[in-house]
file data-v9.cif (mmCIF, C-alpha atoms)
data_model
loop_
_atom_site.label_atom_id
_atom_site.label_comp_id
_atom_site.auth_asym_id
_atom_site.auth_seq_id
_atom_site.Cartn_x
_atom_site.Cartn_y
_atom_site.Cartn_z
CA MET H 1 3.62 -2.90 1.14
CA PHE H 2 0.97 -5.62 1.28
CA THR H 3 2.62 -9.05 1.30
CA ALA H 4 -0.22 -11.44 0.63
CA THR H 5 1.13 -14.88 1.48
CA THR H 6 2.79 -14.02 4.80
CA SER H 7 -0.09 -11.78 5.90
CA PHE H 8 -2.67 -14.45 5.07
CA TRP H 9 -1.09 -17.01 7.38
CA GLN H 10 -0.65 -14.39 10.08
CA LEU H 11 -4.37 -13.71 9.86
CA VAL H 12 -5.20 -17.43 10.05
CA LYS H 13 -3.04 -17.82 13.17
CA PHE H 14 -4.57 -14.73 14.75
CA ARG H 15 -8.13 -15.91 14.16
CA ALA H 16 -7.27 -19.34 15.57
CA LEU H 17 -5.85 -17.63 18.65
CA ILE H 18 -8.98 -15.47 19.05
CA PHE H 19 -11.20 -18.54 18.75
CA SER H 20 -9.12 -20.38 21.35
CA ILE H 21 -9.24 -17.47 23.81
CA LEU H 22 -12.99 -16.96 23.45
CA THR H 23 -13.68 -20.69 23.75
CA LEU H 24 -11.53 -20.92 26.88
CA LEU H 25 -13.30 -17.93 28.44
CA ALA H 26 -16.69 -19.46 27.61
CA LEU H 27 -15.70 -22.75 29.27
CA LEU H 28 -14.45 -20.93 32.37
CA GLY H 29 -17.67 -18.90 32.48
CA SER H 30 -19.73 -22.07 32.27
CA ILE H 31 -17.74 -23.75 35.05
CA MET H 32 -17.95 -20.67 37.31
CA VAL H 33 -21.68 -20.23 36.49
CA TYR H 34 -21.07 -16.73 35.11
CA PRO H 35 -24.37 -14.89 34.41
CA VAL H 36 -24.94 -15.06 30.66
CA THR H 37 -28.01 -14.01 28.68
CA ALA H 38 -28.04 -16.93 26.20
CA TRP H 39 -25.51 -19.76 26.13
CA ASN H 40 -26.92 -21.14 22.90
CA VAL H 41 -26.11 -17.87 21.10
CA ILE H 42 -22.55 -17.93 22.49
CA VAL H 43 -22.07 -21.46 21.17
CA LEU H 44 -23.45 -20.38 17.79
CA VAL H 45 -21.01 -17.45 17.62
CA LEU H 46 -18.05 -19.67 18.48
CA CYS H 47 -19.07 -22.23 15.88
CA THR H 48 -19.39 -19.47 13.30
CA LEU H 49 -15.87 -18.27 14.08
CA LEU H 50 -14.50 -21.79 13.74
CA ALA H 51 -16.36 -22.41 10.48
CA THR H 52 -15.21 -19.17 8.87
CA ASN H 53 -11.59 -19.80 9.83
CA LEU H 54 -11.70 -23.34 8.41
CA ALA H 55 -13.43 -22.07 5.27
CA GLN H 56 -10.71 -19.46 4.91
CA LEU H 57 -8.13 -22.23 4.54
CA GLN H 58 -10.11 -23.79 1.67
CA LEU H 59 -10.19 -20.63 -0.45
CA PRO H 60 -8.22 -20.55 -3.74
CA ARG H 61 -4.71 -19.18 -3.51
CA ALA H 62 -5.71 -16.13 -5.56
CA TRP H 63 -8.00 -15.06 -2.71
CA HIS H 64 -5.02 -14.90 -0.38
CA GLU H 65 -4.03 -11.67 -2.14
CA SER H 66 -7.40 -10.00 -1.56
CA GLN H 67 -7.47 -7.29 1.08
CA LEU H 68 -11.27 -7.62 1.08
CA LEU H 69 -10.87 -11.10 2.62
CA PHE H 70 -8.77 -9.62 5.44
CA VAL H 71 -11.33 -6.88 6.07
CA VAL H 72 -14.26 -9.33 6.16
CA CYS H 73 -12.49 -11.75 8.52
CA CYS H 74 -11.41 -9.03 10.95
CA ALA H 75 -14.90 -7.53 10.84
CA LEU H 76 -16.37 -10.94 11.74
CA ASP H 77 -13.98 -11.21 14.68
CA LEU H 78 -14.92 -7.75 15.92
CA LEU H 79 -18.63 -8.55 15.59
CA ALA H 80 -18.19 -11.90 17.38
CA ILE H 81 -16.35 -10.29 20.31
CA PHE H 82 -19.02 -7.60 20.55
CA THR H 83 -21.79 -10.19 20.57
CA LEU H 84 -20.14 -12.29 23.27
CA LEU H 85 -19.56 -9.22 25.45
CA ALA H 86 -23.16 -8.10 24.98
CA LEU H 87 -24.35 -11.51 26.21
CA SER H 88 -22.03 -11.58 29.21
CA GLY H 89 -22.19 -8.27 31.04
CA GLY H 90 -21.32 -5.67 28.40
CA VAL H 91 -18.84 -3.00 29.53
CA SER H 92 -18.85 -4.45 33.05
CA ASN H 93 -17.17 -7.55 31.62
CA GLY H 94 -13.45 -7.40 32.41
CA PHE H 95 -12.55 -8.68 28.95
CA VAL H 96 -14.06 -5.72 27.10
CA ALA H 97 -10.53 -4.71 25.98
CA LEU H 98 -10.62 -7.68 23.57
CA LEU H 99 -12.38 -5.31 21.18
CA LEU H 100 -8.96 -3.75 20.52
CA LEU H 101 -7.45 -6.97 19.15
CA PRO H 102 -8.95 -6.73 15.63
CA VAL H 103 -7.88 -3.07 15.53
CA ALA H 104 -4.27 -4.01 16.30
CA VAL H 105 -4.26 -6.81 13.73
CA VAL H 106 -5.66 -4.58 10.99
CA ALA H 107 -3.05 -1.93 11.82
CA VAL H 108 -0.31 -4.53 11.24
CA LEU H 109 -1.67 -6.31 8.16
CA LEU H 110 -3.59 -3.64 6.24
CA PRO H 111 -3.18 0.03 5.21
CA ALA H 112 -3.39 2.71 7.90
CA TRP H 113 -6.78 4.10 6.84
CA LEU H 114 -8.39 0.70 7.39
CA SER H 115 -6.99 0.57 10.91
CA TYR H 116 -8.71 3.89 11.65
CA VAL H 117 -11.97 2.50 10.25
CA PHE H 118 -11.72 -0.52 12.57
CA ALA H 119 -10.80 1.76 15.49
CA LEU H 120 -14.03 3.66 14.82
CA GLY H 121 -15.90 0.35 14.66
CA ALA H 122 -14.47 -0.74 18.01
CA ILE H 123 -15.45 2.62 19.54
CA ILE H 124 -18.99 2.25 18.21
CA ALA H 125 -19.18 -1.30 19.60
CA TYR H 126 -17.98 -0.11 23.02
CA SER H 127 -20.48 2.77 22.92
CA LEU H 128 -23.34 0.36 22.21
CA LEU H 129 -22.25 -1.84 25.12
CA LEU H 130 -22.09 1.22 27.34
CA TRP H 131 -25.54 2.37 26.23
CA MET H 132 -27.02 -1.10 26.81
CA GLY H 133 -25.40 -1.19 30.25
CA ASP H 134 -26.83 2.19 31.19
CA LEU H 135 -30.26 1.15 29.93
CA THR H 136 -30.15 -2.06 31.95
CA GLN H 137 -29.13 -0.20 35.09
CA ILE H 138 -31.93 2.31 34.60
CA LEU H 139 -34.55 -0.40 34.19
CA GLN H 140 -33.30 -2.34 37.21
CA ALA H 141 -33.06 0.70 39.44
CA ALA H 142 -36.43 2.05 38.37
CA GLU H 143 -38.13 -0.99 39.82
CA GLY H 144 -36.93 -0.36 43.37
CA ILE H 145 -36.51 3.40 43.92
CA GLY H 146 -37.98 6.67 42.75
CA HIS H 147 -36.84 8.62 39.76
CA HIS H 148 -35.16 11.35 41.86
CA MET H 149 -33.21 8.88 43.96
CA LEU H 150 -32.31 7.00 40.79
CA HIS H 151 -30.81 10.08 39.19
CA THR H 152 -28.95 11.42 42.19
CA ASN H 153 -27.78 8.38 44.13
CA VAL H 154 -27.47 5.51 41.66
CA MET H 155 -26.85 6.53 38.09
CA GLN H 156 -24.52 9.49 38.41
CA PRO H 157 -21.52 7.64 39.93
CA PHE H 158 -22.05 4.65 37.65
CA SER H 159 -22.35 6.76 34.52
CA ARG H 160 -19.35 8.90 35.44
CA HIS H 161 -17.17 5.83 35.86
CA MET H 162 -18.47 4.18 32.70
CA TRP H 163 -17.95 7.30 30.59
CA GLN H 164 -14.43 7.65 31.92
CA MET H 165 -13.83 4.09 30.79
CA TRP H 166 -15.32 5.00 27.39
CA CYS H 167 -12.93 7.93 27.03
CA ALA H 168 -10.01 5.69 27.98
CA PHE H 169 -11.13 3.12 25.40
CA VAL H 170 -11.41 5.75 22.65
CA ILE H 171 -7.93 7.06 23.40
CA SER H 172 -6.53 3.53 23.45
CA ALA H 173 -8.15 2.59 20.13
CA ILE H 174 -6.88 5.71 18.37
CA VAL H 175 -3.36 5.52 19.81
CA ILE H 176 -3.02 1.80 19.05
CA SER H 177 -4.26 2.29 15.51
CA TRP H 178 -1.97 5.26 14.88
CA PHE H 179 1.18 3.91 16.54
CA ILE H 180 1.05 0.37 15.17
CA SER H 181 0.19 1.51 11.63
CA ARG H 182 3.04 4.04 11.66
CA GLN H 183 5.54 1.52 13.00
CA THR H 184 4.37 -1.06 10.47
CA ALA H 185 4.74 1.43 7.62
CA LEU H 186 8.22 2.33 8.89
CA ASN H 187 9.22 -1.34 9.08
CA ARG H 188 7.93 -1.96 5.56
CA THR H 189 9.84 1.04 4.23
CA THR H 190 13.01 -0.10 6.00
CA SER H 191 12.56 -3.62 4.65
CA GLU H 192 12.15 -2.32 1.11
CA GLN H 193 15.25 -0.15 1.47
CA LEU H 194 17.26 -3.10 2.79
CA ASN H 195 16.02 -5.23 -0.08
CA GLN H 196 17.07 -2.57 -2.58
CA LEU H 197 20.49 -2.28 -0.91
CA GLN H 198 20.94 -6.04 -1.06
CA GLN H 199 20.02 -6.08 -4.74
CA GLN H 200 22.38 -3.19 -5.37
CA GLN H 201 25.16 -5.00 -3.52
CA VAL H 202 24.59 -8.11 -5.65
CA ARG H 203 24.79 -6.01 -8.81
CA GLN H 204 27.94 -4.30 -7.57
CA GLU H 205 29.51 -7.68 -6.79
CA HIS H 206 28.67 -8.93 -10.28
CA ALA H 207 30.06 -5.74 -11.77
CA LEU H 208 33.24 -6.07 -9.72
CA ALA H 209 33.67 -9.66 -10.85
CA ILE H 210 33.17 -8.67 -14.49
CA ALA H 211 35.59 -5.76 -14.11
CA THR H 212 38.17 -8.08 -12.58
CA TYR H 213 37.85 -10.53 -15.44
CA ALA H 214 38.03 -7.67 -17.96
CA ALA H 215 41.19 -6.26 -16.34
CA ASN H 216 42.83 -9.68 -16.33
CA ALA H 217 41.83 -10.23 -19.94
CA ALA H 218 43.24 -6.84 -20.95
CA HIS H 219 46.48 -7.64 -19.17
CA ASP H 220 46.71 -11.07 -20.79
CA LEU H 221 45.89 -9.70 -24.26
CA ALA H 222 48.52 -6.96 -24.20
CA SER H 223 51.45 -9.27 -24.91
CA PRO H 224 49.80 -11.39 -27.66
CA ILE H 225 48.65 -8.27 -29.49
CA GLN H 226 52.13 -6.77 -29.30
CA ASN H 227 53.59 -10.01 -30.65
CA LEU H 228 51.08 -10.09 -33.49
CA LEU H 229 52.03 -6.55 -34.46
CA LEU H 230 55.70 -7.54 -34.58
CA LEU H 231 54.89 -10.63 -36.64
CA THR H 232 52.85 -8.65 -39.15
CA ASP H 233 55.76 -6.24 -39.54
CA GLU H 234 58.08 -9.20 -40.25
CA VAL H 235 55.81 -10.92 -42.76
CA GLN H 236 54.68 -7.74 -44.47
CA PRO H 237 57.38 -7.95 -47.20
CA LEU H 238 56.15 -11.46 -48.03
CA ILE H 239 52.46 -10.61 -48.23
CA ALA H 240 52.64 -6.90 -49.02
CA ALA H 241 50.48 -7.38 -52.08
CA HIS H 242 47.59 -8.82 -50.07
CA PRO H 243 44.96 -6.12 -49.41
CA ALA H 244 44.07 -7.49 -45.97
CA THR H 245 47.53 -6.86 -44.52
CA ALA H 246 46.96 -3.18 -43.85
CA ASP H 247 43.55 -3.89 -42.32
CA ILE H 248 45.01 -6.51 -39.99
CA GLN H 249 47.68 -4.10 -38.78
CA GLN H 250 45.10 -1.35 -38.33
CA GLN H 251 42.81 -3.56 -36.23
CA LEU H 252 45.67 -4.80 -34.07
CA SER H 253 46.82 -1.24 -33.51
CA ARG H 254 43.29 -0.34 -32.50
CA CYS H 255 43.18 -3.21 -29.99
CA GLN H 256 46.48 -2.06 -28.54
CA GLN H 257 45.17 1.50 -28.25
CA ILE H 258 42.02 0.30 -26.48
CA ILE H 259 44.10 -1.55 -23.88
CA VAL H 260 46.26 1.55 -23.32
CA GLU H 261 43.17 3.71 -22.85
CA LEU H 262 41.70 1.16 -20.46
CA ARG H 263 44.80 1.32 -18.28
CA GLN H 264 44.79 5.12 -18.34
CA HIS H 265 41.13 5.43 -17.39
CA ALA H 266 41.53 2.83 -14.63
CA GLY H 267 44.26 4.90 -13.06
CA GLU H 268 42.69 8.33 -13.55
CA TRP H 269 39.02 7.81 -12.62
CA ARG H 270 39.52 8.81 -8.99
CA ASP H 271 40.84 12.23 -10.04
CA LEU H 272 37.91 13.08 -12.31
CA LYS H 273 36.01 16.21 -11.32
CA PRO H 274 32.29 16.79 -11.86
CA ALA H 275 31.52 18.04 -15.37
CA PRO H 276 28.34 19.22 -17.11
CA LEU H 277 26.51 16.18 -18.43
CA LEU H 278 24.72 17.76 -21.39
CA PRO H 279 27.86 18.43 -23.51
CA ILE H 280 29.09 14.93 -22.69
CA LEU H 281 25.88 13.36 -23.93
CA ARG H 282 25.87 15.47 -27.07
CA GLN H 283 29.44 14.47 -27.88
CA SER H 284 28.73 10.83 -27.08
CA LEU H 285 25.70 10.80 -29.37
CA GLN H 286 27.68 12.31 -32.23
CA SER H 287 30.49 9.80 -31.73
CA TRP H 288 28.04 6.89 -31.68
CA MET H 289 26.28 8.04 -34.85
CA VAL H 290 29.63 8.03 -36.65
CA THR H 291 30.11 4.38 -35.73
CA ARG H 292 26.57 3.43 -36.81
CA PRO H 293 25.93 5.12 -40.16
CA ASP H 294 23.32 2.45 -40.94
CA ILE H 295 20.93 3.89 -38.31
CA HIS H 296 18.78 6.95 -38.96
CA VAL H 297 18.70 9.00 -35.74
CA THR H 298 16.27 11.80 -34.93
CA ILE H 299 17.25 14.00 -31.98
CA THR H 300 14.89 16.42 -30.25
CA GLU H 301 16.26 18.77 -27.57
CA ASN H 302 14.44 20.79 -24.93
CA THR H 303 16.94 22.44 -22.60
CA ASP H 304 17.23 25.49 -20.39
CA ASP H 305 20.27 27.27 -18.92
CA SER H 306 20.61 25.00 -15.89
CA ARG H 307 23.42 22.50 -15.36
CA CYS H 308 23.49 18.83 -14.44
CA TYR H 309 26.88 17.62 -13.26
CA VAL H 310 28.30 14.10 -13.18
CA LYS H 311 31.63 12.41 -12.61
CA GLU H 312 33.32 9.85 -14.84
CA ALA H 313 32.13 11.00 -18.25
CA THR H 314 33.75 7.95 -19.83
CA ALA H 315 31.47 5.65 -17.85
CA VAL H 316 28.39 7.56 -19.05
CA ALA H 317 29.55 7.38 -22.66
CA ALA H 318 30.31 3.67 -22.46
CA ALA H 319 26.93 2.89 -20.90
CA LEU H 320 25.14 5.06 -23.47
CA PHE H 321 26.93 3.32 -26.35
CA GLN H 322 25.79 -0.07 -25.08
CA ILE H 323 22.17 1.04 -24.72
CA LEU H 324 22.14 2.67 -28.16
CA ASP H 325 23.69 -0.40 -29.79
CA ASN H 326 21.02 -2.65 -28.31
CA ALA H 327 18.23 -0.30 -29.36
CA ALA H 328 19.62 -0.03 -32.89
CA ASP H 329 20.04 -3.81 -33.23
CA ALA H 330 16.45 -4.33 -32.06
CA GLY H 331 15.23 -2.06 -34.84
CA LEU H 332 17.42 -3.74 -37.45
CA GLN H 333 15.87 -7.11 -36.63
CA GLN H 334 12.47 -5.65 -37.57
CA GLN H 335 13.85 -3.94 -40.72
CA LYS H 336 13.46 -0.52 -39.07
CA PRO H 337 16.95 1.00 -38.76
CA GLN H 338 15.94 4.14 -36.89
CA LEU H 339 15.98 5.67 -33.43
CA GLU H 340 14.21 8.63 -31.85
CA LEU H 341 16.07 10.48 -29.10
CA LYS H 342 14.53 13.11 -26.82
CA LEU H 343 17.05 15.06 -24.75
CA THR H 344 15.58 17.24 -21.98
CA LEU H 345 17.26 19.43 -19.37
CA GLN H 346 14.98 21.39 -17.05
CA GLN H 347 16.00 22.89 -13.69
CA GLY H 348 19.03 20.66 -13.33
CA GLN H 349 17.14 17.47 -14.15
CA LEU H 350 18.39 15.78 -17.33
CA SER H 351 16.64 12.96 -19.17
CA LEU H 352 17.38 11.11 -22.39
CA CYS H 353 14.55 9.05 -23.90
CA ILE H 354 15.64 6.45 -26.46
CA ILE H 355 12.84 5.04 -28.62
CA ASP H 356 13.54 2.01 -30.79
CA PHE H 357 11.28 0.20 -33.24
CA GLY H 358 12.01 -3.41 -32.35
CA GLU H 359 9.55 -6.04 -31.21
CA GLY H 360 9.84 -5.17 -27.52
CA LEU H 361 10.32 -7.59 -24.64
CA SER H 362 8.12 -9.80 -22.51
CA GLU H 363 7.10 -8.42 -19.12
CA GLN H 364 9.34 -10.89 -17.30
CA ARG H 365 12.37 -10.13 -19.47
CA LEU H 366 11.69 -6.41 -19.18
CA ALA H 367 11.62 -6.65 -15.37
CA GLU H 368 14.90 -8.58 -15.28
CA LEU H 369 16.76 -6.59 -17.93
CA GLY H 370 19.73 -4.72 -16.51
CA HIS H 371 19.51 -6.15 -12.99
CA LEU H 372 21.59 -9.29 -13.50
CA PRO H 373 23.74 -10.53 -16.39
CA GLN H 374 21.56 -12.37 -18.89
CA HIS H 375 22.27 -14.74 -21.74
CA SER H 376 22.58 -13.07 -25.12
CA GLU H 377 22.92 -14.72 -28.50
CA GLN H 378 25.14 -11.90 -29.73
CA GLY H 379 27.43 -11.71 -26.70
CA LEU H 380 27.88 -12.52 -23.06
CA GLY H 381 24.75 -10.65 -21.92
CA TRP H 382 26.69 -8.21 -19.76
CA GLY H 383 26.05 -5.01 -21.70
CA GLN H 384 22.71 -3.92 -20.25
CA PHE H 385 23.71 -5.05 -16.78
CA LEU H 386 26.94 -3.01 -16.82
CA ALA H 387 25.07 -0.03 -18.29
CA ASN H 388 22.61 -0.14 -15.37
CA VAL H 389 25.37 -0.42 -12.80
CA SER H 390 27.34 2.45 -14.33
CA ILE H 391 24.35 4.80 -14.52
CA GLU H 392 23.15 3.98 -11.01
CA ARG H 393 26.65 4.42 -9.57
CA LEU H 394 26.71 7.94 -11.01
CA GLY H 395 23.39 8.78 -9.34
CA GLY H 396 21.19 8.19 -12.37
CA GLN H 397 18.32 5.86 -13.17
CA ILE H 398 17.32 3.71 -16.12
CA LYS H 399 13.66 2.94 -16.80
CA ARG H 400 12.44 0.72 -19.62
CA ARG H 401 8.94 0.03 -20.91
CA ASN H 402 7.33 -1.39 -24.01
CA ARG H 403 5.57 1.02 -26.33
CA SER H 404 1.89 0.55 -27.11
CA SER H 405 2.56 0.28 -30.85
CA ALA H 406 5.96 -1.37 -31.26
CA GLY H 407 9.43 -1.15 -29.80
CA MET H 408 10.64 -0.01 -26.43
CA GLU H 409 11.44 3.22 -24.60
CA THR H 410 14.59 3.50 -22.51
CA LEU H 411 14.71 6.53 -20.22
CA LEU H 412 17.95 7.76 -18.62
CA LEU H 413 17.43 10.15 -15.71
CA PHE H 414 20.02 12.30 -13.95
CA GLY H 415 19.50 14.88 -11.23
CA GLY H 416 21.96 17.68 -10.52
CA GLN H 417 22.33 21.16 -9.18
CA ALA H 418 20.90 23.93 -11.35
#

call {"tool": "encode", "arguments": {"input": "data-v9.cif", "output": "structure tokens"}}
result
Amino acid sequence: MFTATTSFWQLVKFRALIFSILTLLALLGSIMVYPVTAWNVIVLVLCTLLATNLAQLQLPRAWHESQLLFVVCCALDLLAIFTLLALSGGVSNGFVALLLLPVAVVAVLLPAWLSYVFALGAIIAYSLLLWMGDLTQILQAAEGIGHHMLHTNVMQPFSRHMWQMWCAFVISAIVISWFISRQTALNRTTSEQLNQLQQQQVRQEHALAIATYAANAAHDLASPIQNLLLLTDEVQPLIAAHPATADIQQQLSRCQQIIVELRQHAGEWRDLKPAPLLPILRQSLQSWMVTRPDIHVTITENTDDSRCYVKEATAVAAALFQILDNAADAGLQQQKPQLELKLTLQQGQLSLCIIDFGEGLSEQRLAELGHLPQHSEQGLGWGQFLANVSIERLGGQIKRRNRSSAGMETLLLFGGQA
């Protein structure tokens, strides 16, 4: 993955290092009176390198994300090195391997195909230097000896050695480009996987904390609810005529039953065996529709004879209830109490698409939804987060996106054995 900010400063440091190395070599060549074609051109090339690197620092921050900038800068470095080598001996210059530096940098900072392009550019540059060297040798030798002696005694050994160096350079450029780009891609993939694992660990820690608080709350609520039931039994003769008495007792009994079920599921979840997911989803949808008679639900099914298995059916149902409630509430806020559900099972891959008709979410809120607990005006903001954690723990995925017209699509994906 292309990380703009870090890569930009790596490129700036690399170009500063290249400029420093070339300037140092030019100074040493001047001190040692190294034969150079044109010192004024060398100075011009070095000044151009310095100017482009300083100009690079003045570019707007948005340009730091442009791969074109990286390509142009590395191409300038390759051209500058080629020019300096051409003016100071060509392939006979011992520093001809510097042509491989831009190739290595591109392999680290840019996609693999660009590293191969720069490897080809370096090979072409080396070939031109080799051709210019051969041409120079031919012209020099032709002045002193005959053509036959030139071909047999002078040029054959020189050309053989130079072409062996060319082959070695080609192999080096290709291997460096391939190996570094592959290792860089592997490191990026590993980094992304580690980042995903860290995010998953954070979500699991949040879920564990919420589960701990919920268990403690259930334990603490058990006794007060039991006491309230006893008190309502005692005061019932005094307020028997009040119509709310029966409702109060019914709600308290329901709370007590929920706590009992919570304790049972907490103790039995490890013993749950894989079960077909499709019947579970169908039953869960029917149960949810009974609790929300104010929502008009349209269900479309497209299934084959395959099976998709999952453990902990209760966790799937609870997560689905939370997602459906949020989708239904979003539609109610826009005076559109309806949902469209598309249930698909093909070759062991099950998906449930939930389409609501709310106002949708901003891109930032959509990217954050379900990854960490968020503030909610109606509750504690844990519902979508716990739904994500539950589905992901069971091997599923949740994807959300805004619709082009209105509302949002929530897609639940599960993969199983057919």

call {"tool": "resolve_selection", "arguments": {"input": "data-v9.cif", "expression": "the PyMOL selection byres ((chain H and resi 16) around 12)", "output": "number ranges by chain"}}
result
H: 9-15, 17-23, 46, 49-54, 56-57, 73, 77

call {"tool": "write_last_selection", "arguments": {"input": "data-v9.cif", "atoms": "C-alpha atoms", "output": "PDB file, in the coordinates of the input"}}
result
ATOM      1  CA  TRP H   9      -1.090 -17.010   7.380  1.00  0.00           C
ATOM      2  CA  GLN H  10      -0.650 -14.390  10.080  1.00  0.00           C
ATOM      3  CA  LEU H  11      -4.370 -13.710   9.860  1.00  0.00           C
ATOM      4  CA  VAL H  12      -5.200 -17.430  10.050  1.00  0.00           C
ATOM      5  CA  LYS H  13      -3.040 -17.820  13.170  1.00  0.00           C
ATOM      6  CA  PHE H  14      -4.570 -14.730  14.750  1.00  0.00           C
ATOM      7  CA  ARG H  15      -8.130 -15.910  14.160  1.00  0.00           C
ATOM      8  CA  LEU H  17      -5.850 -17.630  18.650  1.00  0.00           C
ATOM      9  CA  ILE H  18      -8.980 -15.470  19.050  1.00  0.00           C
ATOM     10  CA  PHE H  19     -11.200 -18.540  18.750  1.00  0.00           C
ATOM     11  CA  SER H  20      -9.120 -20.380  21.350  1.00  0.00           C
ATOM     12  CA  ILE H  21      -9.240 -17.470  23.810  1.00  0.00           C
ATOM     13  CA  LEU H  22     -12.990 -16.960  23.450  1.00  0.00           C
ATOM     14  CA  THR H  23     -13.680 -20.690  23.750  1.00  0.00           C
ATOM     15  CA  LEU H  46     -18.050 -19.670  18.480  1.00  0.00           C
ATOM     16  CA  LEU H  49     -15.870 -18.270  14.080  1.00  0.00           C
ATOM     17  CA  LEU H  50     -14.500 -21.790  13.740  1.00  0.00           C
ATOM     18  CA  ALA H  51     -16.360 -22.410  10.480  1.00  0.00           C
ATOM     19  CA  THR H  52     -15.210 -19.170   8.870  1.00  0.00           C
ATOM     20  CA  ASN H  53     -11.590 -19.800   9.830  1.00  0.00           C
ATOM     21  CA  LEU H  54     -11.700 -23.340   8.410  1.00  0.00           C
ATOM     22  CA  GLN H  56     -10.710 -19.460   4.910  1.00  0.00           C
ATOM     23  CA  LEU H  57      -8.130 -22.230   4.540  1.00  0.00           C
ATOM     24  CA  CYS H  73     -12.490 -11.750   8.520  1.00  0.00           C
ATOM     25  CA  ASP H  77     -13.980 -11.210  14.680  1.00  0.00           C
TER      26      ASP H  77
END

call {"tool": "resolve_selection", "arguments": {"input": "data-v9.cif", "expression": "the PyMOL selection byres ((chain H and resi 313-326) around 10)", "output": "ChimeraX atom specification"}}
result
/H:265,269,272-277,280-285,287-289,291-292,295,309-312,327-332,339,341,352,354-356,358,382-391,393-394,396,410,412

call {"tool": "resolve_selection", "arguments": {"input": "data-v9.cif", "expression": "the PyMOL selection byres ((chain H and resi 130) around 8)", "output": "list in words"}}
result
Gly90, Val91, Tyr126, Ser127, Leu128, Leu129, Trp131, Met132, Gly133, Asp134, Met162 and Trp166 of chain H

call {"tool": "closest_residue", "arguments": {"input": "data-v9.cif", "among": "H:Val297, H:Leu278, H:Val36, H:Leu109", "to": "Leu85 of chain H", "atoms": "all atoms listed in the file"}}
result
H:Val36

call {"tool": "residues_near_point", "arguments": {"input": "data-v9.cif", "point": "(-14.4, -3.8, 17.2)", "cutoff": "12 Å", "atoms": "only C-alpha atoms", "output": "ChimeraX atom specification"}}
result
/H:71,73-85,96-106,115-129,169-170,173,177

call {"tool": "atom_distance", "arguments": {"input": "data-v9.cif", "atom1": "atom CA of Ile176 of chain H", "atom2": "atom CA of Gln67 of chain H"}}
result
20.6 Å

call {"tool": "axis_aligned_box", "arguments": {"input": "data-v9.cif", "around": "segment 97-112 of chain H", "padding_each_side": "5 Å", "output": "JSON"}}
result
{"center_x": -6.3, "center_y": -2.5, "center_z": 15.6, "size_x": 22.1, "size_y": 20.4, "size_z": 30.8}

call {"tool": "residues_around", "arguments": {"input": "data-v9.cif", "residues": "Ser404 of chain H", "least_positions_apart": "4", "cutoff": "12 Å", "atoms": "only C-alpha atoms", "output": "number ranges by chain"}}
result
H: 355, 357, 359-361, 408-409

call {"tool": "atom_distance", "arguments": {"input": "data-v9.cif", "atom1": "atom CA of Trp113 of chain H", "atom2": "atom CA of Glu65 of chain H"}}
result
18.4 Å

call {"tool": "atom_distance", "arguments": {"input": "data-v9.cif", "atom1": "atom CA of Gln286 of chain H", "atom2": "atom CA of Thr300 of chain H"}}
result
13.6 Å

call {"tool": "closest_residue", "arguments": {"input": "data-v9.cif", "among": "H:Leu221, H:Ile31, H:Ala246, H:Ile174", "to": "Asp233 of chain H", "atoms": "all atoms listed in the file"}}
result
H:Ala246

call {"tool": "residues_around", "arguments": {"input": "data-v9.cif", "residues": "Gln226 of chain H", "least_positions_apart": "2", "cutoff": "10 Å", "atoms": "all atoms listed in the file", "output": "list in words"}}
result
Leu221, Ala222, Ser223, Pro224, Leu228, Leu229, Leu230, Leu231, Leu252, Ser253, Cys255 and Gln256 of chain H

call {"tool": "closest_residue", "arguments": {"input": "data-v9.cif", "among": "H:Leu411, H:Ala367, H:Leu27, H:Val72", "to": "Thr344 of chain H", "atoms": "only C-alpha atoms"}}
result
H:Leu411
